[in-house]
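Undergrad: Structure in structure tokens, see below.
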Amino acid sequence: MYKQELDATDIFELFWKGTDRLAITFLLILVIIFCIVLKNRKEEVKYLVEMINSRIVYEFLKVFKKRVEFVANPSVKRDESYNCETRENLKKLSSLFNNKCRLEPIECSNKLPKEGDVFIVQPLKDEYFYGKVLKADINYLDRMSPNYGKSIIVIFNHKYDGTVDDKYDFNYEELIVGPSFVDNSFWGQNLFKVVANEELTEKERNLEYGFFEYFFLKKGGYLLDYRGEYLLDKPKLISSNHVRKNEDIARMIWREFLINPELLDNKYVFTKKVFKKKKQYK
């Protein structure tokens, strides 16, 4: 269900709430100046109309055509609930260079993603976790959308032990990576290895998830579904609305390792911004 059209008062109220007020004031002044300058100037007005029809301005205007759900960044609220040591380690992880936080490659699979694919990922050496493709090759979006042609995946708190099961029963309450947009490079660079394909269940097809998009100056944001439509109700699962790279997925999994060391059976310690195996497990 999506939000309905708003009147001008509601639009301004949401705009004011989600945006830095100084920026709004500055924008309004610019609009007034443009109105004065462009008065009785047909060529300039024509050029301005062409700008409004451009992709960038169109995306900007979409915010005012739909009712917007402004929310705080969910990951920030979550971080505030952890103890001091965990919060400190999370800060260290966020400042880690991208080349220090990456997925380990697996043997070549030479497969492109398909809906229902079950795959494995290796965030640390010899530590494998299951993932699944919820949507593949999303081609019904606007071609200008950065998510066009991408896939949506999740990764579970479910370790791969080297054996392939006949049927997988994954728990969507225990995700270490929520629904995320990724491109085919994860399969092309041998970061995801497909081990099976299972048709999505009715529950998986109706899974409630959305994507968080920052608003101006990161003063909050709004929620979208995978088609880019604004959401009315807050879904159970929320992820960021941008295409994830190798280091993004690795960092998301490492975050969960810091929050819950039991995911690695308490075999690792996070020191000097890297995970190291404890001596008794080497």
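To be explicit about the labels: the chains of the structure tokens are called A, B, and onward in the order shown, and within each one the residues are counted from 1, while ligands get numbers from 1 in the order they are shown.
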Counting only C-alpha atoms, what is within 9 Å of A:Tyr130, bar same-chain residues fewer than 5 positions away, as a PyMOL selection string?

TA: chain A and resi 118-121+154-160+170

Undergrad: Return as a PyMOL selection string the full set of residues in stretch 113-253 of chain A whose backbone-based DSSP assignment is alpha helix (DSSP H).

TA: chain A and resi 185-188+202-205+246-253

Undergrad: Could you pull out the residues in stretch 79-143 of chain A that DSSP calls strand (DSSP E or B) from the backbone, as a list in words?

TA: Glu104, Asp117, Val118, Phe119, Ile120, Val121, Gln122, Pro123, Leu124, Glu127, Tyr128, Phe129, Tyr130, Gly131, Lys132, Val133, Leu134 and Lys135 of chain A

Undergrad: For A:Gly228, please output as a short mmCIF file (atom, residue, chain, number, x, y, z; two decimals) with N, CA and C atoms, in the first residue's frame all residues within 9 Å (counting only C-alpha atoms; exclusion window: fewer than 4 positions along the same chain).

TA:
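In the end it all went to result_10.cif:
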```
data_model
loop_
_atom_site.label_atom_id
_atom_site.label_comp_id
_atom_site.auth_asym_id
_atom_site.auth_seq_id
_atom_site.Cartn_x
_atom_site.Cartn_y
_atom_site.Cartn_z
N LEU A 141 12.40 -1.93 -13.79
CA LEU A 141 12.60 -0.57 -13.29
C LEU A 141 12.93 0.36 -14.45
N SER A 145 17.52 3.89 -13.48
CA SER A 145 17.67 3.55 -12.07
C SER A 145 18.97 2.78 -11.85
N PHE A 211 13.67 -0.45 1.48
CA PHE A 211 15.01 0.12 1.36
C PHE A 211 14.99 1.58 1.81
N LEU A 223 11.30 5.43 2.97
CA LEU A 223 11.37 4.00 2.66
C LEU A 223 10.75 3.71 1.29
N LEU A 224 11.42 2.85 0.55
CA LEU A 224 10.97 2.45 -0.78
C LEU A 224 10.88 0.93 -0.85
#
```

Undergrad: I need the residue nearest A:Phe270 from this list: A:Glu85, A:Gly210, A:Pro123, A:Arg227. Use only C-alpha atoms for the distance.

TA: A:Glu85

Undergrad: May I ask for the distance between atom CA of A:Phe275 and atom CA of A:Tyr172, given in Å to one decimal place?

TA: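 Value for the atom CA of A:Phe275-atom CA of A:Tyr172 distance: 26.1 Å.
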
Undergrad: Choose the residue, out of A:Glu88, A:Leu27, A:Tyr226, A:Lys245, that has the smallest atom-to-atom separation from A:Tyr140; count only C-alpha atoms.

TA: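 Comparing A:Glu88, A:Leu27, A:Tyr226, A:Lys245 against A:Tyr140, the winner is A:Tyr226.
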
Undergrad: For A:Ser180, please output as a VMD selection string all residues within 9 Å (counting only C-alpha atoms; exclusion window: fewer than 2 positions along the same chain).

TA: chain A and resid 151 to 154 177 to 178 182 211 239 to 244 249

Undergrad: Which residue, A:Val195, A:Leu264, A:Ile33, A:Leu96, has the smallest gap to A:Lys114 when you use only C-alpha atoms?

TA: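 Ranking A:Val195, A:Leu264, A:Ile33, A:Leu96 by distance to A:Lys114, first place goes to A:Val195.
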
Undergrad: Neighbours of A:Leu200 within 12 Å (only C-alpha atoms; same-chain residues fewer than 5 positions away dropped), as a list in words?

TA: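 In the requested form, the answer reads Lys114, Glu115, Gly116, Asp117, Val118, Lys132, Val133, Leu134, Lys135, Lys167, Tyr168, Asp169, Phe170, Arg205, Asn206 and Leu207 of chain A.
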